[in-house]
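Chemist: Structure incoming, see below.
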Amino acid sequence: MKTDKKFEELVSLSTRLGVTVRKDRLIRSNGGYCVINEDKVIVLNKMLPLETQTSILARCLFEVDGFDKQDIDKDILSYIKREVEYKKITDEVDEIEFIITNKDDIDKENMINL
């Protein structure tokens, strides 16, 4: 499925979940899910490529209450799950890299041997 079609499907899912999707120019963030005055909003950095915005939107939708109760196209559901898993893996790698980079600042007694 092409990126623009995936994006449209994810926006449609957002609407069914009662979530507004906004694109804004963000300086220090790629975007994310938040609640503003009880309104559920996913904000995306419009300066990012559509592929990146689509990935962020997929991961954010996974966090929304009621996501698991929706009837979701199997290809879209597979894409969302893949993006969520990819994010978990990259977060773990980032954490390990941080530990390695800052290992001199870590209490040696509590450090894992890498």
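Every chain in the structure tokens has a letter given in the order shown (A, B, ...), and although residue numbers restart at 1 in each chain, ligands are simply numbered from 1 in the order shown.
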If we count only C-alpha atoms and set the cut-off at 7 Å, which residues sit around region 8-22 of chain A, ignoring sequence neighbours fewer than 3 positions away in its own chain? Please answer as a CSV table (one decimal) with C-alpha atoms, in the first residue's frame.
Modeler:
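Written output follows (part_12.csv):
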```csv
chain,number,residue,atom,x,y,z
A,4,ASP,CA,-0.4,8.4,1.0
A,5,LYS,CA,-3.1,5.7,1.1
A,40,LYS,CA,-7.7,14.0,21.8
A,41,VAL,CA,-5.1,15.3,19.3
A,42,ILE,CA,-2.2,13.9,17.3
A,43,VAL,CA,0.1,16.6,16.2
A,44,LEU,CA,2.5,15.9,13.3
A,58,ALA,CA,0.5,4.9,13.4
A,61,LEU,CA,-3.0,5.7,17.3
A,66,GLY,CA,-10.4,2.1,22.2
```
Chemist: When you count only C-alpha atoms, which of these residues is closest to Phe67 (chain A): A:Ser55, A:Ile80, A:Leu50, A:Lys23?
Modeler: A:Ile80
Chemist: Which of region 5-70 of chain A counts as alpha helix (DSSP H) under DSSP, as a PyMOL selection string please?
Modeler: chain A and resi 5-16+50-63
Chemist: Convert the current residue selection to file output with C-alpha atoms, as a PDB file, in the first residue's frame.
Modeler:
```pdb
ATOM      1  CA  LYS A   5      -3.096   5.709   1.069  1.00  0.00           C
ATOM      2  CA  LYS A   6      -1.774   4.437   4.436  1.00  0.00           C
ATOM      3  CA  PHE A   7      -1.837   7.981   5.774  1.00  0.00           C
ATOM      4  CA  GLU A   8      -5.462   8.452   4.627  1.00  0.00           C
ATOM      5  CA  GLU A   9      -6.487   5.143   6.250  1.00  0.00           C
ATOM      6  CA  LEU A  10      -4.808   6.151   9.521  1.00  0.00           C
ATOM      7  CA  VAL A  11      -6.524   9.558   9.493  1.00  0.00           C
ATOM      8  CA  SER A  12      -9.848   7.768   8.929  1.00  0.00           C
ATOM      9  CA  LEU A  13      -9.100   5.509  11.906  1.00  0.00           C
ATOM     10  CA  SER A  14      -8.248   8.621  13.943  1.00  0.00           C
ATOM     11  CA  THR A  15     -11.643  10.088  13.143  1.00  0.00           C
ATOM     12  CA  ARG A  16     -13.399   6.882  14.253  1.00  0.00           C
ATOM     13  CA  LEU A  50       4.945  11.914   4.646  1.00  0.00           C
ATOM     14  CA  GLU A  51       6.466   8.486   5.347  1.00  0.00           C
ATOM     15  CA  THR A  52       7.757   9.706   8.730  1.00  0.00           C
ATOM     16  CA  GLN A  53       4.455  11.424   9.546  1.00  0.00           C
ATOM     17  CA  THR A  54       2.629   8.192   8.706  1.00  0.00           C
ATOM     18  CA  SER A  55       4.894   6.204  11.018  1.00  0.00           C
ATOM     19  CA  ILE A  56       4.377   8.654  13.893  1.00  0.00           C
ATOM     20  CA  LEU A  57       0.610   8.664  13.326  1.00  0.00           C
ATOM     21  CA  ALA A  58       0.512   4.852  13.433  1.00  0.00           C
ATOM     22  CA  ARG A  59       2.439   4.698  16.709  1.00  0.00           C
ATOM     23  CA  CYS A  60       0.277   7.405  18.274  1.00  0.00           C
ATOM     24  CA  LEU A  61      -2.975   5.672  17.317  1.00  0.00           C
ATOM     25  CA  PHE A  62      -1.806   2.538  19.107  1.00  0.00           C
ATOM     26  CA  GLU A  63      -1.815   4.573  22.364  1.00  0.00           C
TER      27      GLU A  63
END
```
Chemist: So the first atom is CA of Asn30 (chain A) and the second is CA of Pro49 (chain A); what is the distance between them in Å, to one decimal place?
Modeler: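 One can read the CA of Asn30 (chain A) to CA of Pro49 (chain A) distance as 10.7 Å.
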Chemist: I need the residues of region 2-72 of chain A that end up classed as strand (DSSP E) by DSSP on the backbone, written out as a PyMOL selection string.
Modeler: chain A and resi 19-24+31-36+39-45
Chemist: Figure out the distance between CA of Arg25 (chain A) and CA of Met47 (chain A), please, to one decimal in Å.
Modeler: 6.2 Å
Chemist: What does the distance between CA of Val64 (chain A) and CA of Leu77 (chain A) come to in Å, to one decimal place?
Modeler: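 Taking CA of Val64 (chain A) as the start and CA of Leu77 (chain A) as the end point, the length is 13.9 Å.
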